[in-house]
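Structure file target_8.txt (compact mmCIF, C-alpha atoms and all ligand atoms) is printed below.
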```
# COMPACT_ATOMS: atom_id res chain seq x y z
CA MET A 1245 9.93 -1.02 -12.68
CA ARG A 1246 6.80 -0.44 -14.72
CA VAL A 1247 4.85 2.21 -12.81
CA PHE A 1248 1.28 3.15 -13.69
CA ILE A 1249 0.34 6.55 -12.25
CA ALA A 1250 -3.39 7.20 -11.92
CA GLY A 1251 -3.66 10.98 -11.75
CA ALA A 1252 -0.56 11.62 -13.90
CA ASP A 1253 -1.64 15.16 -14.86
CA GLY A 1254 -1.97 16.41 -11.26
CA TYR A 1255 0.23 18.43 -8.88
CA LEU A 1256 1.89 15.29 -7.51
CA GLY A 1257 1.35 12.94 -10.46
CA TRP A 1258 3.05 15.01 -13.14
CA THR A 1259 6.01 15.62 -10.84
CA LEU A 1260 6.24 11.96 -9.86
CA ALA A 1261 6.21 10.80 -13.49
CA GLN A 1262 9.32 12.91 -14.15
CA HIS A 1263 11.04 11.98 -10.89
CA LEU A 1264 10.60 8.25 -11.58
CA ALA A 1265 11.51 8.50 -15.29
CA ARG A 1266 14.76 10.21 -14.26
CA LYS A 1267 15.48 7.13 -12.11
CA GLY A 1268 14.96 4.83 -15.10
CA HIS A 1269 11.46 3.54 -14.39
CA VAL A 1270 9.01 2.99 -17.27
CA ILE A 1271 5.94 5.17 -16.77
CA GLY A 1272 2.35 4.65 -17.81
CA GLY A 1273 -0.43 6.90 -16.69
CA ALA A 1274 -4.04 7.88 -16.75
CA ASP A 1275 -5.90 11.03 -15.88
CA ALA A 1276 -9.40 12.30 -16.61
CA LEU A 1277 -8.06 15.90 -16.53
CA LEU A 1278 -10.71 16.83 -13.96
CA ARG A 1279 -8.41 18.98 -11.80
CA ARG A 1280 -8.06 21.49 -14.62
CA GLY A 1281 -11.87 21.83 -14.71
CA TRP A 1282 -12.31 22.05 -10.90
CA VAL A 1283 -9.89 24.97 -10.61
CA GLU A 1284 -11.66 26.67 -13.51
CA GLU A 1285 -14.96 26.08 -11.72
CA MET A 1286 -13.46 27.92 -8.70
CA GLY A 1287 -12.79 30.84 -11.09
CA SER A 1288 -9.04 30.40 -10.76
CA VAL A 1289 -5.88 29.24 -12.55
CA SER A 1290 -2.62 27.56 -11.63
CA ALA A 1291 -0.18 30.27 -10.47
CA ILE A 1292 2.59 28.54 -12.41
CA PRO A 1293 1.38 28.27 -16.02
CA ILE A 1294 0.93 24.73 -17.35
CA VAL A 1295 0.44 23.54 -20.93
CA PRO A 1296 -2.22 21.15 -22.34
CA VAL A 1297 -1.57 17.49 -21.69
CA ASP A 1298 -0.50 16.63 -25.26
CA GLU A 1299 2.26 19.27 -25.04
CA ARG A 1300 3.30 17.87 -21.65
CA LEU A 1301 3.57 14.40 -23.14
CA ALA A 1302 5.64 15.64 -26.10
CA ALA A 1303 8.06 17.31 -23.67
CA PHE A 1304 8.22 14.17 -21.55
CA GLY A 1305 9.23 12.05 -24.56
CA GLU A 1306 11.91 14.57 -25.61
CA HIS A 1307 13.46 14.83 -22.12
CA PHE A 1308 13.26 11.25 -20.89
CA GLY A 1309 13.70 9.23 -24.11
CA GLU A 1310 10.87 6.83 -23.30
CA PRO A 1311 7.33 8.17 -23.82
CA LEU A 1312 4.81 8.33 -20.98
CA ARG A 1313 2.15 5.84 -22.09
CA PHE A 1314 -0.85 8.03 -21.25
CA LEU A 1315 -4.59 7.50 -21.44
CA GLU A 1316 -7.30 10.05 -20.78
CA LEU A 1317 -9.32 7.86 -18.48
CA ASN A 1318 -11.58 8.09 -15.43
CA LEU A 1319 -11.00 5.28 -12.90
CA CYS A 1320 -14.78 4.95 -12.55
CA ASP A 1321 -14.82 3.74 -16.20
CA HIS A 1322 -14.08 0.21 -15.05
CA ALA A 1323 -13.99 -1.50 -18.48
CA ALA A 1324 -11.48 1.01 -19.87
CA LEU A 1325 -9.35 0.79 -16.73
CA CYS A 1326 -9.23 -3.01 -17.01
CA VAL A 1327 -7.97 -2.76 -20.60
CA ALA A 1328 -5.34 -0.17 -19.57
CA LEU A 1329 -3.93 -2.33 -16.74
CA ALA A 1330 -4.09 -5.56 -18.77
CA GLU A 1331 -2.08 -3.89 -21.54
CA PHE A 1332 0.48 -2.03 -19.40
CA GLN A 1333 1.08 -4.85 -16.86
CA PRO A 1334 2.45 -2.61 -14.09
CA ASP A 1335 4.70 -3.69 -11.24
CA VAL A 1336 3.34 -0.73 -9.28
CA VAL A 1337 0.13 1.27 -9.46
CA VAL A 1338 0.27 4.70 -7.79
CA HIS A 1339 -3.20 6.03 -7.05
CA LEU A 1340 -3.28 9.84 -7.03
CA ALA A 1341 -6.49 10.14 -9.04
CA GLU A 1342 -8.82 11.64 -6.46
CA CYS A 1343 -10.44 14.97 -5.80
CA PRO A 1344 -8.09 16.31 -3.06
CA SER A 1345 -10.03 19.27 -1.73
CA ALA A 1346 -11.76 19.54 1.65
CA PRO A 1347 -13.43 22.91 0.87
CA TYR A 1348 -14.69 21.67 -2.53
CA SER A 1349 -16.39 18.74 -0.80
CA MET A 1350 -17.99 21.09 1.78
CA MET A 1351 -19.67 23.44 -0.74
CA ASP A 1352 -23.05 21.69 -0.89
CA PHE A 1353 -24.64 18.27 -1.38
CA PRO A 1354 -23.77 17.89 -5.10
CA HIS A 1355 -20.07 18.55 -4.37
CA ALA A 1356 -19.97 16.28 -1.29
CA ASP A 1357 -21.70 13.55 -3.30
CA PHE A 1358 -19.41 14.01 -6.29
CA VAL A 1359 -16.21 13.86 -4.22
CA GLN A 1360 -17.34 10.71 -2.41
CA ARG A 1361 -18.45 8.92 -5.58
CA ASN A 1362 -15.38 9.96 -7.53
CA ASN A 1363 -12.95 8.93 -4.80
CA VAL A 1364 -14.63 5.88 -3.28
CA SER A 1365 -15.97 4.33 -6.50
CA GLY A 1366 -12.77 5.14 -8.40
CA THR A 1367 -10.71 3.33 -5.77
CA LEU A 1368 -13.08 0.37 -5.70
CA SER A 1369 -12.91 0.14 -9.49
CA LEU A 1370 -9.11 0.17 -9.30
CA LEU A 1371 -9.02 -2.58 -6.66
CA PHE A 1372 -11.22 -4.88 -8.77
CA ALA A 1373 -9.21 -4.09 -11.92
CA MET A 1374 -5.96 -4.92 -10.11
CA ARG A 1375 -7.42 -8.18 -8.79
CA ASP A 1376 -8.38 -9.22 -12.31
CA HIS A 1377 -5.48 -7.91 -14.41
CA CYS A 1378 -2.36 -7.35 -12.28
CA PRO A 1379 -2.90 -9.06 -8.89
CA LYS A 1380 0.82 -9.12 -8.09
CA ALA A 1381 1.29 -5.37 -8.62
CA HIS A 1382 1.91 -3.19 -5.57
CA LEU A 1383 -0.68 -0.48 -4.96
CA VAL A 1384 0.69 2.79 -3.54
CA LYS A 1385 -2.44 4.69 -2.53
CA LEU A 1386 -2.40 8.34 -1.47
CA GLY A 1387 -4.30 8.74 1.78
CA THR A 1388 -4.11 11.72 4.09
CA MET A 1389 -3.05 12.54 7.64
CA GLY A 1390 -6.46 14.21 7.87
CA GLU A 1391 -8.06 10.76 8.16
CA TYR A 1392 -6.95 10.62 11.80
CA GLY A 1393 -8.22 14.09 12.75
CA THR A 1394 -6.66 15.58 15.87
CA PRO A 1395 -7.12 13.01 18.69
CA ASN A 1396 -5.76 13.70 22.15
CA LEU A 1397 -3.33 10.78 21.66
CA ASP A 1398 -0.14 10.30 19.67
CA ILE A 1399 -0.98 9.02 16.15
CA PRO A 1400 0.60 5.69 15.14
CA GLU A 1401 1.12 4.57 11.53
CA GLY A 1402 -2.30 3.13 10.79
CA PHE A 1403 -2.58 0.52 13.55
CA PHE A 1404 -2.18 0.34 17.31
CA GLU A 1405 -2.26 -2.24 20.09
CA VAL A 1406 -5.41 -1.99 22.22
CA GLU A 1407 -6.32 -3.72 25.48
CA TYR A 1408 -10.04 -3.91 26.22
CA ARG A 1409 -11.69 -6.00 28.95
CA GLY A 1410 -8.54 -8.02 29.42
CA ARG A 1411 -8.01 -8.90 25.73
CA ARG A 1412 -5.48 -7.37 23.32
CA ASP A 1413 -5.60 -6.80 19.57
CA ARG A 1414 -3.85 -4.79 16.83
CA LEU A 1415 -6.56 -2.60 15.33
CA PRO A 1416 -6.84 0.27 12.88
CA PHE A 1417 -6.33 3.57 14.71
CA PRO A 1418 -9.67 5.45 14.89
CA ARG A 1419 -10.42 7.80 12.04
CA GLN A 1420 -12.03 11.19 12.85
CA ALA A 1421 -11.94 13.05 9.56
CA GLY A 1422 -12.92 16.71 9.32
CA SER A 1423 -14.51 17.06 5.86
CA TRP A 1424 -16.54 14.97 3.40
CA TYR A 1425 -13.36 14.77 1.33
CA HIS A 1426 -11.32 13.42 4.26
CA TRP A 1427 -14.08 10.86 4.97
CA SER A 1428 -13.84 9.61 1.37
CA LYS A 1429 -10.18 8.83 2.06
CA VAL A 1430 -11.15 6.94 5.24
CA PHE A 1431 -13.54 4.74 3.26
CA ASP A 1432 -10.78 4.13 0.70
CA SER A 1433 -8.36 3.03 3.41
CA HIS A 1434 -10.80 0.45 4.75
CA HIS A 1435 -11.50 -0.81 1.23
CA VAL A 1436 -7.82 -1.19 0.38
CA ASP A 1437 -7.16 -3.01 3.68
CA PHE A 1438 -10.10 -5.34 2.99
CA ALA A 1439 -8.95 -6.07 -0.59
CA CYS A 1440 -5.51 -7.09 0.72
CA ARG A 1441 -7.08 -9.51 3.21
CA LEU A 1442 -9.66 -10.75 0.71
CA TRP A 1443 -7.61 -11.21 -2.45
CA GLY A 1444 -4.00 -11.09 -1.27
CA LEU A 1445 -3.31 -7.75 -2.99
CA ARG A 1446 -0.32 -5.81 -1.64
CA ALA A 1447 -0.67 -2.14 -0.73
CA THR A 1448 0.98 0.83 0.92
CA ASP A 1449 -1.47 3.47 2.14
CA VAL A 1450 0.36 6.77 2.43
CA MET A 1451 -1.08 9.15 5.05
CA GLN A 1452 0.40 12.31 3.63
CA GLY A 1453 0.54 15.67 5.38
CA VAL A 1454 0.02 19.00 3.65
CA VAL A 1455 2.39 19.37 0.68
CA TYR A 1456 3.98 22.65 -0.42
CA GLY A 1457 6.37 23.60 -3.17
CA THR A 1458 6.83 24.46 -6.82
CA TRP A 1459 8.34 22.26 -9.54
CA CYS A 1460 9.65 24.39 -12.37
CA ASP A 1461 11.93 23.48 -15.24
CA THR A 1462 13.77 25.52 -17.86
CA ASP A 1463 11.37 23.79 -20.29
CA MET A 1464 8.12 25.21 -18.89
CA ARG A 1465 6.14 22.33 -20.43
CA LEU A 1466 7.50 20.21 -17.55
CA ASN A 1467 6.25 22.58 -14.80
CA THR A 1468 3.73 21.19 -12.37
CA ARG A 1469 0.67 23.19 -11.39
CA LEU A 1470 0.42 25.29 -8.23
CA ASP A 1471 -3.05 26.28 -7.09
CA PHE A 1472 -3.95 29.08 -4.70
CA ASP A 1473 -7.75 29.29 -4.81
CA GLU A 1474 -9.62 28.58 -1.58
CA ALA A 1475 -10.42 24.99 -2.56
CA PHE A 1476 -7.33 23.63 -4.32
CA GLY A 1477 -4.56 25.74 -2.81
CA THR A 1478 -2.97 24.34 0.34
CA ALA A 1479 -2.04 26.70 3.18
CA LEU A 1480 1.64 27.37 2.50
CA ASN A 1481 1.22 27.50 -1.29
CA ARG A 1482 -1.54 30.07 -0.79
CA PHE A 1483 0.54 32.12 1.65
CA CYS A 1484 3.43 32.34 -0.83
CA CYS A 1485 1.04 33.52 -3.56
CA GLN A 1486 -0.42 36.11 -1.18
CA ALA A 1487 3.07 37.31 -0.29
CA VAL A 1488 4.04 37.97 -3.92
CA ILE A 1489 0.89 40.03 -4.63
CA GLY A 1490 0.97 41.96 -1.35
CA GLN A 1491 -2.24 40.45 0.03
CA PRO A 1492 -2.23 39.72 3.80
CA LEU A 1493 -1.73 36.04 4.67
CA MET A 1494 -4.86 34.46 6.17
CA PRO A 1495 -4.40 32.02 9.04
CA TYR A 1496 -7.89 30.78 9.90
CA GLY A 1497 -9.11 31.20 13.48
CA LYS A 1498 -6.25 31.61 15.94
CA GLY A 1499 -3.80 30.02 13.49
CA THR A 1500 -2.68 27.64 16.23
CA GLN A 1501 -3.89 24.49 14.41
CA LEU A 1502 -1.05 21.98 14.01
CA ARG A 1503 -0.52 19.89 10.88
CA GLY A 1504 2.20 17.68 9.39
CA PHE A 1505 3.92 19.23 6.37
CA LEU A 1506 6.39 18.15 3.71
CA SER A 1507 7.77 19.67 0.54
CA LEU A 1508 6.93 18.41 -2.93
CA ALA A 1509 10.53 17.20 -3.31
CA ASP A 1510 10.29 15.25 -0.03
CA SER A 1511 6.94 13.81 -1.11
CA MET A 1512 8.61 12.55 -4.31
CA GLN A 1513 11.40 10.98 -2.30
CA CYS A 1514 8.94 9.25 0.06
CA LEU A 1515 6.65 7.95 -2.68
CA THR A 1516 9.69 6.60 -4.53
CA LEU A 1517 10.84 4.76 -1.39
CA ALA A 1518 7.39 3.19 -1.05
CA ILE A 1519 7.42 2.22 -4.74
CA GLU A 1520 10.92 0.71 -4.71
CA ASN A 1521 10.32 -1.23 -1.45
CA PRO A 1522 7.01 -3.02 -2.11
CA ALA A 1523 4.69 -4.49 0.49
CA ALA A 1524 4.49 -8.30 0.63
CA ALA A 1525 1.63 -10.23 -0.98
CA GLY A 1526 -1.47 -9.79 1.20
CA GLU A 1527 0.15 -7.01 3.22
CA TYR A 1528 -1.63 -3.71 3.87
CA ARG A 1529 0.82 -1.27 5.43
CA VAL A 1530 0.40 2.37 6.38
CA PHE A 1531 3.10 5.06 6.21
CA ASN A 1532 2.59 8.48 7.81
CA GLN A 1533 4.30 10.77 5.32
CA LEU A 1534 5.35 14.11 6.78
CA ARG A 1535 8.54 15.90 7.64
CA GLU A 1536 7.60 18.27 10.43
CA VAL A 1537 4.68 19.44 12.55
CA LEU A 1538 4.04 23.19 12.46
CA SER A 1539 1.19 25.57 13.25
CA ILE A 1540 -0.43 27.72 10.59
CA ASN A 1541 1.02 30.77 12.36
CA ASP A 1542 4.49 29.20 12.01
CA LEU A 1543 3.91 28.99 8.25
CA ALA A 1544 2.85 32.61 8.09
CA GLN A 1545 5.98 33.70 9.99
CA LEU A 1546 8.19 31.66 7.64
CA VAL A 1547 6.64 33.35 4.61
CA ARG A 1548 6.96 36.79 6.21
CA ALA A 1549 10.68 36.19 6.87
CA ALA A 1550 11.33 34.83 3.37
CA GLY A 1551 9.39 37.73 1.84
CA GLN A 1552 11.75 40.20 3.52
CA ASP A 1553 14.66 38.68 1.54
CA PHE A 1554 12.80 39.75 -1.63
CA GLY A 1555 11.84 43.18 -0.31
CA LEU A 1556 8.20 42.13 0.16
CA ALA A 1557 6.32 43.62 3.12
CA VAL A 1558 4.21 40.67 4.21
CA GLU A 1559 1.18 41.30 6.47
CA ILE A 1560 -0.61 38.60 8.46
CA LYS A 1561 -4.34 38.94 9.23
CA LEU A 1562 -6.23 36.28 11.20
CA GLN A 1563 -9.57 35.36 9.54
CA ASN A 1564 -12.75 33.99 11.10
CA ASN A 1565 -12.29 30.26 10.70
CA PRO A 1566 -14.58 29.01 7.90
CA ARG A 1567 -13.94 25.39 9.01
CA VAL A 1568 -15.04 23.37 12.00
CA GLU A 1569 -11.72 22.22 13.44
CA ALA A 1570 -9.81 22.24 16.74
CA GLU A 1571 -7.46 25.21 17.01
CA ALA A 1572 -5.69 24.20 20.24
CA HIS A 1573 -4.93 20.49 20.37
CA HIS A 1574 -2.33 17.75 20.84
CA TYR A 1575 -0.62 16.57 17.63
CA ARG A 1576 2.20 14.06 17.61
CA PRO A 1577 2.10 11.60 14.70
CA ASP A 1578 4.67 8.81 14.31
CA SER A 1579 6.57 8.74 11.01
CA GLN A 1580 9.24 6.09 11.43
CA HIS A 1581 8.46 3.73 8.54
CA LEU A 1582 9.76 5.97 5.76
CA ARG A 1583 12.80 6.99 7.82
CA ALA A 1584 13.58 3.29 8.29
CA LEU A 1585 13.51 2.91 4.49
CA GLY A 1586 16.05 5.75 4.17
CA PHE A 1587 14.01 8.96 3.93
CA GLU A 1588 16.42 11.89 4.38
CA PRO A 1589 14.59 15.22 4.35
CA SER A 1590 16.06 17.50 1.68
CA LEU A 1591 16.01 21.32 1.81
CA PRO A 1592 14.79 22.96 5.04
CA ILE A 1593 11.38 24.60 4.82
CA ASP A 1594 12.67 28.21 4.91
CA GLU A 1595 14.83 27.54 1.84
CA VAL A 1596 11.94 25.89 0.01
CA VAL A 1597 9.74 28.91 0.80
CA ARG A 1598 12.40 31.25 -0.63
CA ASN A 1599 12.59 29.12 -3.79
CA MET A 1600 8.80 29.17 -4.08
CA ILE A 1601 8.66 32.94 -3.86
CA ALA A 1602 11.39 33.20 -6.50
CA ASP A 1603 9.41 30.86 -8.80
CA LEU A 1604 6.14 32.73 -8.19
CA LEU A 1605 7.34 36.33 -8.56
CA PRO A 1606 7.42 36.22 -12.40
CA HIS A 1607 3.73 35.21 -12.28
CA ARG A 1608 2.50 37.84 -9.81
CA ASP A 1609 0.17 39.51 -12.39
CA ARG A 1610 -1.51 36.19 -13.11
CA ILE A 1611 -2.11 35.63 -9.39
CA ALA A 1612 -3.18 39.26 -8.83
CA ASP A 1613 -5.78 38.88 -11.61
CA HIS A 1614 -7.43 36.16 -9.49
CA ALA A 1615 -6.69 37.70 -6.06
CA GLU A 1616 -10.32 37.56 -4.95
CA ARG A 1617 -10.27 33.74 -5.30
CA LEU A 1618 -7.95 33.56 -2.28
CA ALA A 1619 -10.70 34.67 0.13
CA PRO A 1620 -12.49 31.80 1.90
CA THR A 1621 -16.20 31.66 1.06
CA VAL A 1622 -16.99 27.98 1.71
CA ARG A 1623 -18.19 27.57 5.31
CA TRP A 1624 -18.25 24.20 7.09
CA ARG A 1625 -21.33 25.31 9.02
CA THR A 1626 -23.89 27.45 7.26
CA SER A 1627 -25.82 28.60 10.34
N1 LIG A 1701 -5.62 27.20 6.52
C1 LIG A 1701 -5.48 28.51 6.94
N2 LIG A 1701 -5.44 29.47 5.97
C2 LIG A 1701 -5.53 29.20 4.65
C3 LIG A 1701 -5.66 27.86 4.25
C4 LIG A 1701 -5.71 26.89 5.21
O1 LIG A 1701 -5.39 28.80 8.12
O2 LIG A 1701 -5.50 30.15 3.84
C5 LIG A 1701 -5.62 26.14 7.56
C6 LIG A 1701 -6.86 25.27 7.58
O3 LIG A 1701 -7.86 25.82 8.42
C7 LIG A 1701 -6.30 23.96 8.11
C8 LIG A 1701 -4.86 23.94 7.62
O4 LIG A 1701 -4.56 25.27 7.23
O5 LIG A 1701 -6.26 23.96 9.51
C9 LIG A 1701 -4.63 23.03 6.45
O6 LIG A 1701 -5.49 23.42 5.39
P1 LIG A 1701 -5.09 23.15 3.86
O7 LIG A 1701 -6.16 23.76 3.03
O8 LIG A 1701 -3.69 23.51 3.60
O9 LIG A 1701 -5.11 21.57 3.82
P2 LIG A 1701 -6.29 20.52 3.99
O10 LIG A 1701 -7.64 21.11 3.74
O11 LIG A 1701 -6.09 19.84 5.29
O12 LIG A 1701 -5.99 19.56 2.77
C10 LIG A 1701 -4.68 19.44 2.20
C11 LIG A 1701 -4.84 18.82 0.82
C12 LIG A 1701 -5.45 17.44 0.98
C13 LIG A 1701 -4.61 16.61 1.91
C14 LIG A 1701 -4.40 17.33 3.23
C15 LIG A 1701 -3.41 16.65 4.13
O13 LIG A 1701 -5.65 19.65 0.02
O14 LIG A 1701 -5.54 16.82 -0.29
O15 LIG A 1701 -5.27 15.42 2.13
O16 LIG A 1701 -3.87 18.64 2.98
S1 LIG A 1701 -3.84 16.84 5.83
O17 LIG A 1701 -4.11 18.25 6.11
O18 LIG A 1701 -2.76 16.33 6.61
O19 LIG A 1701 -5.06 16.10 5.98
```

Structure translated into structure tokens:
Amino acid sequence: MRVFIAGADGYLGWTLAQHLARKGHVIGGADALLRRGWVEEMGSVSAIPIVPVDERLAAFGEHFGEPLRFLELNLCDHAALCVALAEFQPDVVVHLAECPSAPYSMMDFPHADFVQRNNVSGTLSLLFAMRDHCPKAHLVKLGTMGEYGTPNLDIPEGFFEVEYRGRRDRLPFPRQAGSWYHWSKVFDSHHVDFACRLWGLRATDVMQGVVYGTWCDTDMRLNTRLDFDEAFGTALNRFCCQAVIGQPLMPYGKGTQLRGFLSLADSMQCLTLAIENPAAAGEYRVFNQLREVLSINDLAQLVRAAGQDFGLAVEIKLQNNPRVEAEAHHYRPDSQHLRALGFEPSLPIDEVVRNMIADLLPHRDRIADHAERLAPTVRWRTS
């Protein structure tokens, strides 16, 4: 298949390009390289060193035979995006080109406004470009489990049957996002659904849980990034970085919040299943993409246990919660669709955590040099 990855330089995108190329797909991609700048703005770096994009592309060509046809492009630049899709003629467009950070969006008005414009307008631009230049292509759009929030009900995959005043309907499950970033993803989901009904586009909206994991190669030019700063590092990735530098792990609040998690390798497997099993014309389908539900305290305990195998004394210190979020709540999302397509979880989480620590230990000085960037400073409520 010809797969166009928007966001090909990111944590998921750069990994996915390699995973798909290894399976024989032809890869095109675009990225505005914004993630590199955002992490710099947070005063931080990727724990795993990464090279400039031209060096990445050279390595890609050497390892996979076919080049990655890459453009430095912002999806909001609609004219340039139209040219890119018209030329590449993808069978699949994977949309990973969004600002993925809840804390970044909660910093102040300019950041909330930027994240919403970047994500919502970028997605709208992509939908119009697909309508005009590749209307038969399948859109695989990265959404987030955080769109649903933490309702006191089980969470279905996008839609549920409702009975109200004696009538029944299949309706989108309510969205109760918890950050301006998560709300941008909610707006995207509604727009993608509408475009499928309006123009007959086909789309899979992937409600992904929190991803963890490293992707390292003997050729370091192929490594994917791994962030640990308060905005772009996700919980388990941050905890592993804290473990290797001897900083206490920081569950926020009581640490009893529950979330869906999956490893980077499992995310690659799931996205590939969505790509290779397209939605029908006019279909908008939703996959909840997670492997297991755990609390933040569970993650901390896993990292403490794995740290012991490396002789690391890992401390855990609860922090005042900088976010506004439920800490004791029901959480039981469905995730049958990907299993029905053949998703078989790979390594168990404790093994992945051990591999992460092994990958991160050689870079402990680099992380230690930015240790203060692990502390949460962005507060959801300022008073
Ligand atoms: N948390 C801690 N300590 C930390 C970091 C986070 O206790 O040091 C807690 C947070 O309070 C939250 C949970 O861990 O309850 C998850 O936080 P996170 O920063 O790992 O993830 P989140 O902000 O939810 O966002 C991440 C990705 C985002 C994706 C989302 C999936 O950055 O792009 O959409 O995970 S989900 O969480 O399912 O919405």

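Distances from A:Asp1603, A:Asp1253, A:Glu1569, A:Asp1352 to Gly1390 (chain A) were compared using all atoms listed in the file, and the smallest one belongs to A:Glu1569.
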
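Of the listed residues A:Ala1291, A:Glu1310, A:Ile1271, A:Phe1358, the one whose atoms come nearest to Pro1606 (chain A) is A:Ala1291, with distances taken using only C-alpha atoms.
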
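Of the listed residues A:Lys1498, A:Arg1535, A:Arg1529, A:Arg1583, the one whose atoms come nearest to ligand LIG 1701 (chain A) is A:Lys1498, with distances taken using all atoms listed in the file.
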
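The shortest atom-to-atom distance to ligand LIG 1701 (chain A), with all atoms listed in the file taken into account, belongs to A:Glu1342 out of A:Glu1306, A:Glu1595, A:Glu1342, A:Asp1376.
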
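Of the residues under consideration (A:Asn1565, A:Asp1553, A:Glu1559, A:Gln1452), A:Asn1565 shows the shortest atom-to-atom contact distance to Thr1500 (chain A) when counting only C-alpha atoms.
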
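Closest approach to Leu1264 (chain A) from the set A:Leu1585, A:Cys1343, A:Leu1371, A:Val1336 is made by A:Val1336, with distances taken over all atoms listed in the file.
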
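Coordinates place CA of Tyr1575 (chain A) at a distance of 22.3 Å from CA of Gln1563 (chain A).
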
Show me, as JSON, numbers by chain, the residues that have an atom within 8 Å of Leu1556 (chain A) when counting only C-alpha atoms, minus same-chain residues fewer than 3 positions from it. {"A": [1487, 1488, 1490, 1551, 1552, 1553]}

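Taking CA of Gln1486 (chain A) and CA of Thr1458 (chain A) as endpoints, the distance between them is 14.8 Å.
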